[in-house]
>>> print(open('run-v6.pdb').read())   # PDB, C-alpha atoms
MODEL        1
ATOM      1  CA  MET A  13      20.045  42.745 -39.836
ATOM      2  CA  HIS A  14      16.645  44.258 -40.576
ATOM      3  CA  PRO A  15      15.400  46.237 -37.514
ATOM      4  CA  ARG A  16      12.192  44.200 -37.305
ATOM      5  CA  LEU A  17      14.116  40.918 -37.374
ATOM      6  CA  ALA A  18      16.512  42.226 -34.730
ATOM      7  CA  CYS A  19      13.604  43.094 -32.425
ATOM      8  CA  ALA A  20      12.079  39.664 -32.946
ATOM      9  CA  ALA A  21      15.368  37.972 -32.099
ATOM     10  CA  ILE A  22      15.758  40.024 -28.921
ATOM     11  CA  ALA A  23      12.173  39.247 -27.886
ATOM     12  CA  ALA A  24      12.788  35.532 -28.407
ATOM     13  CA  LEU A  25      15.908  35.653 -26.232
ATOM     14  CA  VAL A  26      14.034  37.490 -23.479
ATOM     15  CA  THR A  27      11.210  34.950 -23.624
ATOM     16  CA  VAL A  28      13.657  32.081 -23.267
ATOM     17  CA  ALA A  29      15.451  33.784 -20.387
ATOM     18  CA  LEU A  30      12.242  34.461 -18.475
ATOM     19  CA  HIS A  31      10.462  31.233 -19.233
ATOM     20  CA  PRO A  32      10.281  29.011 -16.132
ATOM     21  CA  LEU A  33      12.035  25.698 -15.971
ATOM     22  CA  VAL A  34       9.877  22.942 -17.433
ATOM     23  CA  ALA A  35       9.652  19.335 -16.360
ATOM     24  CA  GLU A  36      11.991  17.185 -18.371
ATOM     25  CA  GLY A  37      12.493  13.466 -18.294
ATOM     26  CA  HIS A  38      14.628  12.452 -15.345
ATOM     27  CA  GLY A  39      15.223   9.542 -13.071
ATOM     28  CA  GLY A  40      13.577   9.402  -9.648
ATOM     29  CA  GLY A  41      10.268  10.722  -8.384
ATOM     30  CA  LEU A  42       9.138  14.115  -7.242
ATOM     31  CA  ASP A  43       8.848  14.791  -3.542
ATOM     32  CA  SER A  44       5.654  16.064  -1.880
ATOM     33  CA  HIS A  45       6.472  19.622  -2.999
ATOM     34  CA  GLY A  46       6.795  18.622  -6.665
ATOM     35  CA  CYS A  47      10.614  18.822  -6.641
ATOM     36  CA  HIS A  48      13.536  16.436  -7.084
ATOM     37  CA  ASN A  49      17.310  16.253  -6.888
ATOM     38  CA  ASN A  50      18.871  16.680 -10.341
ATOM     39  CA  ARG A  51      22.247  15.068  -9.682
ATOM     40  CA  ALA A  52      23.457  15.656 -13.221
ATOM     41  CA  GLU A  53      23.092  19.428 -12.823
ATOM     42  CA  GLY A  54      23.839  19.569  -9.092
ATOM     43  CA  ILE A  55      20.583  21.365  -8.295
ATOM     44  CA  TYR A  56      17.238  20.741  -6.607
ATOM     45  CA  GLU A  57      14.524  21.631  -9.123
ATOM     46  CA  CYS A  58      10.729  21.848  -8.956
ATOM     47  CA  HIS A  59       8.237  20.805 -11.640
ATOM     48  CA  ARG A  60       4.949  20.960  -9.710
ATOM     49  CA  GLY A  61       3.491  22.839  -6.764
ATOM     50  CA  PRO A  62       4.097  26.411  -5.572
ATOM     51  CA  LEU A  63       7.761  26.401  -6.633
ATOM     52  CA  SER A  64       7.205  24.953 -10.108
ATOM     53  CA  GLY A  65       9.764  26.321 -12.552
ATOM     54  CA  HIS A  66      12.387  27.169  -9.931
ATOM     55  CA  SER A  67      15.677  25.498  -9.021
ATOM     56  CA  PHE A  68      17.840  25.714  -5.895
ATOM     57  CA  PRO A  69      21.386  24.771  -4.893
ATOM     58  CA  SER A  70      20.012  22.273  -2.333
ATOM     59  CA  LYS A  71      16.830  20.820  -0.871
ATOM     60  CA  SER A  72      17.282  22.799   2.333
ATOM     61  CA  GLU A  73      17.282  26.057   0.392
ATOM     62  CA  MET A  74      14.137  24.928  -1.448
ATOM     63  CA  LEU A  75      12.432  24.268   1.913
ATOM     64  CA  GLN A  76      13.519  27.672   3.215
ATOM     65  CA  ARG A  77      11.982  29.307   0.155
ATOM     66  CA  LEU A  78       8.797  27.265   0.559
ATOM     67  CA  ASN A  79       8.470  28.309   4.188
ATOM     68  CA  ALA A  80       9.048  31.933   3.236
ATOM     69  CA  ILE A  81       6.270  32.038   0.634
ATOM     70  CA  SER A  82       3.819  30.075   2.805
ATOM     71  CA  GLY A  83       4.443  32.127   5.908
ATOM     72  CA  GLY A  84       5.898  29.158   7.752
ATOM     73  CA  GLY A  85       2.983  26.881   6.859
ATOM     74  CA  THR A  86       2.976  23.197   6.037
ATOM     75  CA  SER A  87       3.559  21.777   2.585
ATOM     76  CA  SER A  88      -0.216  21.688   2.061
ATOM     77  CA  GLY A  89      -0.442  25.436   2.633
ATOM     78  CA  ALA A  90      -2.266  25.127   5.963
ATOM     79  CA  PRO A  91      -0.973  26.998   9.034
ATOM     80  CA  ALA A  92       1.749  25.003  10.748
ATOM     81  CA  PRO A  93       0.683  23.476  14.087
ATOM     82  CA  SER A  94       2.901  23.996  17.082
ATOM     83  CA  GLY A  95       6.066  21.941  16.780
ATOM     84  CA  PHE A  96       5.388  21.020  13.145
ATOM     85  CA  GLN A  97       8.314  19.371  11.371
ATOM     86  CA  GLU A  98       8.379  19.793   7.579
ATOM     87  CA  TYR A  99       7.903  16.518   5.712
ATOM     88  CA  ASP A 100      10.988  14.594   4.691
ATOM     89  CA  ARG A 101      10.733  11.090   3.259
ATOM     90  CA  ALA A 102      13.733  10.076   5.372
ATOM     91  CA  LEU A 103      11.530  10.426   8.476
ATOM     92  CA  TYR A 104       9.657   7.275   7.400
ATOM     93  CA  SER A 105      12.171   4.404   7.331
ATOM     94  CA  HIS A 106      11.290   1.846   4.676
ATOM     95  CA  TRP A 107      11.476  -0.769   3.392
ATOM     96  CA  SER A 108      12.132  -2.853   6.531
ATOM     97  CA  ASP A 109      12.343  -6.619   7.049
ATOM     98  CA  ALA A 110      10.396  -7.075  10.274
ATOM     99  CA  ASP A 111      10.403 -10.895  10.247
ATOM    100  CA  ARG A 112      14.070 -11.065   9.169
ATOM    101  CA  ASP A 113      13.480 -13.486   6.326
ATOM    102  CA  CYS A 114      15.546 -11.228   3.982
ATOM    103  CA  GLN A 115      12.387 -10.154   2.117
ATOM    104  CA  ASP A 116      11.599  -6.538   3.002
ATOM    105  CA  ALA A 117       8.114  -5.006   3.020
ATOM    106  CA  ARG A 118       8.234  -4.162  -0.677
ATOM    107  CA  GLN A 119       9.123  -7.742  -1.618
ATOM    108  CA  GLU A 120       6.414  -9.103   0.683
ATOM    109  CA  VAL A 121       3.770  -7.006  -1.087
ATOM    110  CA  LEU A 122       5.018  -8.074  -4.522
ATOM    111  CA  ILE A 123       4.861 -11.728  -3.475
ATOM    112  CA  SER A 124       1.377 -11.497  -1.947
ATOM    113  CA  GLU A 125      -0.159  -9.591  -4.858
ATOM    114  CA  SER A 126       1.330 -11.516  -7.781
ATOM    115  CA  ARG A 127      -1.301 -13.423  -9.747
ATOM    116  CA  ARG A 128       1.119 -16.319 -10.250
ATOM    117  CA  PRO A 129       3.990 -17.728  -8.165
ATOM    118  CA  VAL A 130       6.867 -15.284  -8.257
ATOM    119  CA  GLN A 131      10.435 -16.070  -9.274
ATOM    120  CA  LEU A 132      12.971 -15.037  -6.646
ATOM    121  CA  SER A 133      16.633 -14.112  -6.866
ATOM    122  CA  ALA A 134      19.225 -16.798  -6.123
ATOM    123  CA  ASP A 135      19.363 -15.776  -2.455
ATOM    124  CA  GLY A 136      15.561 -15.823  -2.172
ATOM    125  CA  CYS A 137      15.402 -12.197  -1.080
ATOM    126  CA  ASP A 138      14.158 -10.287  -4.124
ATOM    127  CA  VAL A 139      11.327 -10.815  -6.573
ATOM    128  CA  VAL A 140      12.565 -10.941 -10.170
ATOM    129  CA  SER A 141       9.338 -11.818 -11.984
ATOM    130  CA  GLY A 142       5.644 -12.443 -11.469
ATOM    131  CA  LEU A 143       2.291 -11.198 -12.761
ATOM    132  CA  TRP A 144       0.579  -8.133 -11.369
ATOM    133  CA  ILE A 145      -2.551  -6.278 -12.440
ATOM    134  CA  ASP A 146      -2.214  -2.584 -11.627
ATOM    135  CA  PRO A 147      -5.555  -1.649 -10.030
ATOM    136  CA  TYR A 148      -5.001   2.029 -10.843
ATOM    137  CA  THR A 149      -4.838   1.430 -14.612
ATOM    138  CA  GLY A 150      -5.712  -2.215 -15.265
ATOM    139  CA  ALA A 151      -2.294  -2.805 -16.863
ATOM    140  CA  ARG A 152      -0.644  -6.261 -16.699
ATOM    141  CA  LEU A 153       2.959  -6.182 -15.498
ATOM    142  CA  THR A 154       5.545  -8.935 -15.166
ATOM    143  CA  ASP A 155       8.723  -7.018 -14.297
ATOM    144  CA  PRO A 156       8.899  -5.806 -10.671
ATOM    145  CA  SER A 157      11.094  -2.901 -11.751
ATOM    146  CA  ASP A 158       7.984  -1.470 -13.440
ATOM    147  CA  LEU A 159       6.127  -1.475 -10.138
ATOM    148  CA  HIS A 160       5.994   0.816  -7.145
ATOM    149  CA  VAL A 161       4.598  -0.313  -3.820
ATOM    150  CA  ASP A 162       2.280   2.573  -3.049
ATOM    151  CA  HIS A 163       1.082   3.764   0.322
ATOM    152  CA  ILE A 164      -2.671   4.182  -0.251
ATOM    153  CA  VAL A 165      -2.400   7.275   1.942
ATOM    154  CA  PRO A 166       0.984   8.675   0.859
ATOM    155  CA  LEU A 167       3.655   9.347   3.444
ATOM    156  CA  ALA A 168       3.551  13.109   2.819
ATOM    157  CA  GLU A 169      -0.245  13.143   3.169
ATOM    158  CA  ALA A 170      -0.053  11.115   6.382
ATOM    159  CA  HIS A 171       2.583  13.515   7.694
ATOM    160  CA  ARG A 172       0.477  16.626   7.201
ATOM    161  CA  SER A 173      -2.617  14.786   8.508
ATOM    162  CA  GLY A 174      -1.140  14.043  11.925
ATOM    163  CA  ALA A 175       1.887  11.778  11.496
ATOM    164  CA  HIS A 176       4.195  14.757  12.095
ATOM    165  CA  ARG A 177       3.423  14.200  15.787
ATOM    166  CA  TRP A 178       4.354  10.517  15.748
ATOM    167  CA  SER A 179       7.424   8.826  17.160
ATOM    168  CA  HIS A 180      10.042   7.380  14.829
ATOM    169  CA  ALA A 181       8.833   3.869  15.671
ATOM    170  CA  LYS A 182       5.232   4.655  14.716
ATOM    171  CA  ARG A 183       6.292   6.309  11.461
ATOM    172  CA  LYS A 184       8.330   3.235  10.584
ATOM    173  CA  ALA A 185       5.369   0.987  11.408
ATOM    174  CA  TYR A 186       3.146   3.046   9.111
ATOM    175  CA  ALA A 187       5.657   3.077   6.267
ATOM    176  CA  ASN A 188       5.978  -0.731   6.383
ATOM    177  CA  ASP A 189       2.437  -1.720   7.376
ATOM    178  CA  LEU A 190       1.858  -5.326   6.322
ATOM    179  CA  GLU A 191      -0.791  -6.016   8.966
ATOM    180  CA  ASP A 192      -3.558  -4.345   6.951
ATOM    181  CA  PRO A 193      -3.597  -5.286   3.234
ATOM    182  CA  ARG A 194      -5.247  -1.951   2.460
ATOM    183  CA  SER A 195      -2.170   0.051   3.449
ATOM    184  CA  LEU A 196       0.299  -0.986   0.724
ATOM    185  CA  ILE A 197      -0.443  -1.921  -2.871
ATOM    186  CA  ALA A 198       1.625  -2.820  -5.934
ATOM    187  CA  VAL A 199       0.900  -0.421  -8.815
ATOM    188  CA  SER A 200       2.595   0.718 -12.001
ATOM    189  CA  ALA A 201       5.370   3.237 -11.457
ATOM    190  CA  GLY A 202       3.749   5.711 -13.836
ATOM    191  CA  ALA A 203       0.406   5.650 -12.026
ATOM    192  CA  ASN A 204       2.094   6.161  -8.681
ATOM    193  CA  MET A 205       4.093   9.088 -10.048
ATOM    194  CA  SER A 206       0.872  10.597 -11.361
ATOM    195  CA  LYS A 207      -0.746  10.273  -7.932
ATOM    196  CA  GLY A 208       2.190  11.797  -6.078
ATOM    197  CA  ALA A 209       1.042  12.866  -2.605
ATOM    198  CA  ASP A 210      -2.465  13.902  -3.730
ATOM    199  CA  ASP A 211      -5.654  13.064  -1.847
ATOM    200  CA  PRO A 212      -8.981  12.044  -3.504
ATOM    201  CA  ALA A 213      -9.910  15.708  -4.014
ATOM    202  CA  HIS A 214      -7.049  15.987  -6.513
ATOM    203  CA  TRP A 215      -6.435  12.471  -7.831
ATOM    204  CA  LEU A 216      -8.412   9.280  -8.435
ATOM    205  CA  PRO A 217      -7.329   6.117 -10.271
ATOM    206  CA  GLU A 218      -7.640   6.111 -14.046
ATOM    207  CA  ASN A 219      -9.412   2.737 -13.695
ATOM    208  CA  ARG A 220     -12.940   3.883 -12.801
ATOM    209  CA  SER A 221     -14.006   0.412 -11.684
ATOM    210  CA  TYR A 222     -11.454   0.614  -8.861
ATOM    211  CA  ARG A 223     -12.378   4.061  -7.558
ATOM    212  CA  CYS A 224     -14.965   2.852  -5.037
ATOM    213  CA  THR A 225     -12.475   0.416  -3.509
ATOM    214  CA  TYR A 226      -9.708   3.003  -3.594
ATOM    215  CA  VAL A 227     -11.656   5.646  -1.684
ATOM    216  CA  ARG A 228     -13.037   3.115   0.825
ATOM    217  CA  GLU A 229      -9.512   1.950   1.545
ATOM    218  CA  TRP A 230      -8.239   5.535   1.769
ATOM    219  CA  VAL A 231     -10.862   6.340   4.415
ATOM    220  CA  ALA A 232     -10.224   3.058   6.259
ATOM    221  CA  VAL A 233      -6.474   3.685   6.470
ATOM    222  CA  LYS A 234      -7.031   7.231   7.711
ATOM    223  CA  ARG A 235      -9.377   5.959  10.422
ATOM    224  CA  ARG A 236      -7.070   3.115  11.419
ATOM    225  CA  TRP A 237      -4.168   5.481  11.938
ATOM    226  CA  ASP A 238      -6.287   8.337  13.325
ATOM    227  CA  LEU A 239      -5.299  10.721  10.541
ATOM    228  CA  SER A 240      -7.332  13.828   9.809
ATOM    229  CA  MET A 241      -9.189  14.659   6.596
ATOM    230  CA  ASP A 242      -9.423  18.242   5.364
ATOM    231  CA  PRO A 243     -12.807  19.568   4.128
ATOM    232  CA  ALA A 244     -12.072  19.234   0.392
ATOM    233  CA  GLU A 245     -10.723  15.715   0.865
ATOM    234  CA  ARG A 246     -13.766  14.674   2.919
ATOM    235  CA  ARG A 247     -16.215  16.151   0.401
ATOM    236  CA  ALA A 248     -14.504  14.347  -2.473
ATOM    237  CA  ALA A 249     -14.514  11.023  -0.599
ATOM    238  CA  ASP A 250     -18.176  11.431   0.377
ATOM    239  CA  GLN A 251     -19.157  12.219  -3.217
ATOM    240  CA  VAL A 252     -17.392   9.144  -4.580
ATOM    241  CA  LEU A 253     -18.823   6.843  -1.910
ATOM    242  CA  THR A 254     -22.345   8.218  -2.338
ATOM    243  CA  THR A 255     -22.128   7.515  -6.079
ATOM    244  CA  CYS A 256     -20.842   3.998  -5.291
ATOM    245  CA  ARG A 257     -23.761   3.296  -2.961
ATOM    246  CA  ASN A 258     -26.288   4.619  -5.475
ATOM    247  CA  ARG A 259     -24.851   2.257  -8.092
ATOM    248  CA  GLY A 260     -24.793  -0.668  -5.687
ATOM    249  CA  ARG A 261     -21.007  -0.904  -5.712
TER
ENDMDL
END
>>> encode(input="run-v6.pdb", output="structure tokens")
Amino acid sequence: MHPRLACAAIAALVTVALHPLVAEGHGGGLDSHGCHNNRAEGIYECHRGPLSGHSFPSKSEMLQRLNAISGGGTSSGAPAPSGFQEYDRALYSHWSDADRDCQDARQEVLISESRRPVQLSADGCDVVSGLWIDPYTGARLTDPSDLHVDHIVPLAEAHRSGAHRWSHAKRKAYANDLEDPRSLIAVSAGANMSKGADDPAHWLPENRSYRCTYVREWVAVKRRWDLSMDPAERRAADQVLTTCRNRGR
């Protein structure tokens, strides 16, 4: 082989070896750290956040690495308060069926937000069709499998904003809150994946006509549950709401 071609080949191999892992299509969502369990490969890999491009034998080892690089801080990078427990989705039990009618909180939201009467499964427990307008994108959806029921203030965001101090019962109540229609909303799966656990400083709905409502509801949910807002989050919310008021919206 020509020496110059040999050098180029070696350089290409080195580049491939050192290049970080990239996000590939996979089933399931990313957690609040931008990582997910790749069952096919038997690893826990990260596509966003401070560990983007890295993989680990298990989630616990990923969390240990995250704590090491953040100096024991929270997933948001802020210093960990005394007694802080790192976020884990399993801490927030959902979806529950509080009224025991066999329709859990997710199904209840799908039923209440469908623009036409829904079709239920033979046992009456699950929604199999309906019509939903995703407020985040404006898309029309008829298959519930294309929908996520989103927590306006994501579980991970609630956790790092004060819910880490809550009892199991209060976390469950938050995760399945049907008392306030602002808490849970049916949206397209893709839009919810795009949002992740971001606050208004880092993510706003693609549908600009919904942004005023979205931020008002974000602030209302935070107040209702006595959750804190960090400076960047508060500035972003104030800017959006000031623009809304100036436009009479």
>>> closest_residue(input="run-v6.pdb", among="A:Val130, A:Val233, A:Ala170, A:Leu190", to="Leu103 in chain A", atoms="only C-alpha atoms")
A:Ala170
>>> residues_around(input="run-v6.pdb", residues="range 107-120 of chain A", least_positions_apart="2", cutoff="8 Å", atoms="all atoms listed in the file", output="JSON, numbers by chain")
{"A": [105, 122, 123, 124, 136, 137, 138, 139, 161, 187, 188, 189, 190]}
>>> resolve_selection(input="run-v6.pdb", expression="the PyMOL selection byres ((chain A and resi 205-207) around 12)", output="JSON, numbers by chain")
{"A": [39, 40, 41, 42, 43, 44, 46, 60, 148, 149, 158, 159, 160, 161, 162, 163, 164, 165, 166, 168, 169, 199, 200, 201, 202, 203, 204, 208, 209, 210, 211, 212, 213, 214, 215, 216, 217, 218]}
>>> axis_aligned_box(input="run-v6.pdb", around="range 180-184 of chain A", padding_each_side="8 Å", output="lines of an AutoDock Vina configuration file")
center_x = 7.6
center_y = 5.3
center_z = 13.1
size_x = 20.8
size_y = 20.1
size_z = 21.1
>>> resolve_selection(input="run-v6.pdb", expression="the PyMOL selection byres ((chain A and resi 236) around 12)", output="MDAnalysis selection string")
chainID A and resid 165 170 186 189 191:192 194:195 229:235 237:240
>>> write_last_selection(input="run-v6.pdb", atoms="C-alpha atoms", output="CSV table (one decimal), in the frame of the given file")
chain,number,residue,atom,x,y,z
A,165,VAL,CA,-2.4,7.3,1.9
A,170,ALA,CA,-0.1,11.1,6.4
A,186,TYR,CA,3.1,3.0,9.1
A,189,ASP,CA,2.4,-1.7,7.4
A,191,GLU,CA,-0.8,-6.0,9.0
A,192,ASP,CA,-3.6,-4.3,7.0
A,194,ARG,CA,-5.2,-2.0,2.5
A,195,SER,CA,-2.2,0.1,3.4
A,229,GLU,CA,-9.5,2.0,1.5
A,230,TRP,CA,-8.2,5.5,1.8
A,231,VAL,CA,-10.9,6.3,4.4
A,232,ALA,CA,-10.2,3.1,6.3
A,233,VAL,CA,-6.5,3.7,6.5
A,234,LYS,CA,-7.0,7.2,7.7
A,235,ARG,CA,-9.4,6.0,10.4
A,237,TRP,CA,-4.2,5.5,11.9
A,238,ASP,CA,-6.3,8.3,13.3
A,239,LEU,CA,-5.3,10.7,10.5
A,240,SER,CA,-7.3,13.8,9.8
>>> closest_residue(input="run-v6.pdb", among="A:Val252, A:Tyr104, A:Tyr56, A:Leu132", to="Ser179 in chain A", atoms="only C-alpha atoms")
A:Tyr104
>>> atom_distance(input="run-v6.pdb", atom1="CA of Tyr222 in chain A", atom2="CA of Arg172 in chain A")
25.6 Å
>>> atom_distance(input="run-v6.pdb", atom1="CA of Tyr99 in chain A", atom2="CA of His176 in chain A")
7.6 Å
>>> atom_distance(input="run-v6.pdb", atom1="CA of Trp144 in chain A", atom2="CA of Arg128 in chain A")
8.3 Å
>>> closest_residue(input="run-v6.pdb", among="A:His48, A:Arg223, A:His180, A:Arg261", to="Ala248 in chain A", atoms="only C-alpha atoms")
A:Arg223
>>> closest_residue(input="run-v6.pdb", among="A:Ala249, A:Leu167, A:Cys58, A:Val121", to="Gly142 in chain A", atoms="only C-alpha atoms")
A:Val121
>>> decode(input="run-v6.pdb", residues="range 135-161 of chain A", atoms="N, CA and C atoms", output="compact mmCIF listing (two decimals), in the first residue's frame")
# COMPACT_ATOMS: atom_id res chain seq x y z
N ASP A 135 -62.84 -4.68 27.22
CA ASP A 135 -63.08 -4.64 28.66
C ASP A 135 -63.36 -3.24 29.17
N GLY A 136 -63.32 -2.24 28.27
CA GLY A 136 -63.62 -0.87 28.66
C GLY A 136 -62.51 -0.16 29.40
N CYS A 137 -61.32 -0.75 29.42
CA CYS A 137 -60.24 -0.19 30.23
C CYS A 137 -59.27 0.70 29.45
N ASP A 138 -59.07 0.41 28.18
CA ASP A 138 -58.05 1.11 27.40
C ASP A 138 -58.65 1.80 26.18
N VAL A 139 -58.12 2.97 25.89
CA VAL A 139 -58.54 3.72 24.70
C VAL A 139 -57.83 3.12 23.48
N VAL A 140 -58.60 2.83 22.43
CA VAL A 140 -57.99 2.27 21.22
C VAL A 140 -58.06 3.23 20.05
N SER A 141 -58.93 4.24 20.12
CA SER A 141 -58.96 5.26 19.07
C SER A 141 -59.69 6.49 19.58
N GLY A 142 -59.46 7.59 18.88
CA GLY A 142 -60.08 8.87 19.22
C GLY A 142 -59.52 9.92 18.29
N LEU A 143 -59.64 11.19 18.67
CA LEU A 143 -59.06 12.27 17.88
C LEU A 143 -58.46 13.29 18.82
N TRP A 144 -57.16 13.49 18.69
CA TRP A 144 -56.45 14.43 19.56
C TRP A 144 -55.69 15.44 18.70
N ILE A 145 -55.66 16.68 19.15
CA ILE A 145 -54.84 17.71 18.53
C ILE A 145 -53.68 17.98 19.47
N ASP A 146 -52.47 17.67 19.04
CA ASP A 146 -51.29 17.89 19.87
C ASP A 146 -51.05 19.39 20.01
N PRO A 147 -51.21 19.96 21.20
CA PRO A 147 -51.00 21.40 21.34
C PRO A 147 -49.56 21.84 21.11
N TYR A 148 -48.62 20.92 21.28
CA TYR A 148 -47.21 21.27 21.09
C TYR A 148 -46.85 21.47 19.62
N THR A 149 -47.56 20.76 18.72
CA THR A 149 -47.22 20.83 17.30
C THR A 149 -48.40 21.19 16.40
N GLY A 150 -49.62 21.00 16.89
CA GLY A 150 -50.80 21.20 16.08
C GLY A 150 -51.19 19.97 15.28
N ALA A 151 -50.47 18.87 15.43
CA ALA A 151 -50.75 17.65 14.67
C ALA A 151 -52.04 16.98 15.13
N ARG A 152 -52.76 16.36 14.18
CA ARG A 152 -53.97 15.59 14.47
C ARG A 152 -53.58 14.12 14.60
N LEU A 153 -54.02 13.48 15.65
CA LEU A 153 -53.65 12.09 15.93
C LEU A 153 -54.89 11.29 16.27
N THR A 154 -54.95 10.06 15.78
CA THR A 154 -56.10 9.20 16.06
C THR A 154 -55.73 7.91 16.77
N ASP A 155 -54.44 7.59 16.79
CA ASP A 155 -53.97 6.35 17.42
C ASP A 155 -53.32 6.68 18.76
N PRO A 156 -53.87 6.19 19.87
CA PRO A 156 -53.30 6.53 21.18
C PRO A 156 -51.85 6.06 21.36
N SER A 157 -51.41 5.10 20.56
CA SER A 157 -50.03 4.66 20.68
C SER A 157 -49.06 5.73 20.18
N ASP A 158 -49.58 6.71 19.46
CA ASP A 158 -48.74 7.83 18.99
C ASP A 158 -48.68 8.96 19.98
N LEU A 159 -49.34 8.78 21.11
CA LEU A 159 -49.45 9.85 22.11
C LEU A 159 -48.71 9.50 23.39
N HIS A 160 -48.14 10.51 24.00
CA HIS A 160 -47.66 10.44 25.38
C HIS A 160 -48.55 11.33 26.22
N VAL A 161 -48.79 10.95 27.46
CA VAL A 161 -49.42 11.86 28.40
C VAL A 161 -48.29 12.53 29.16
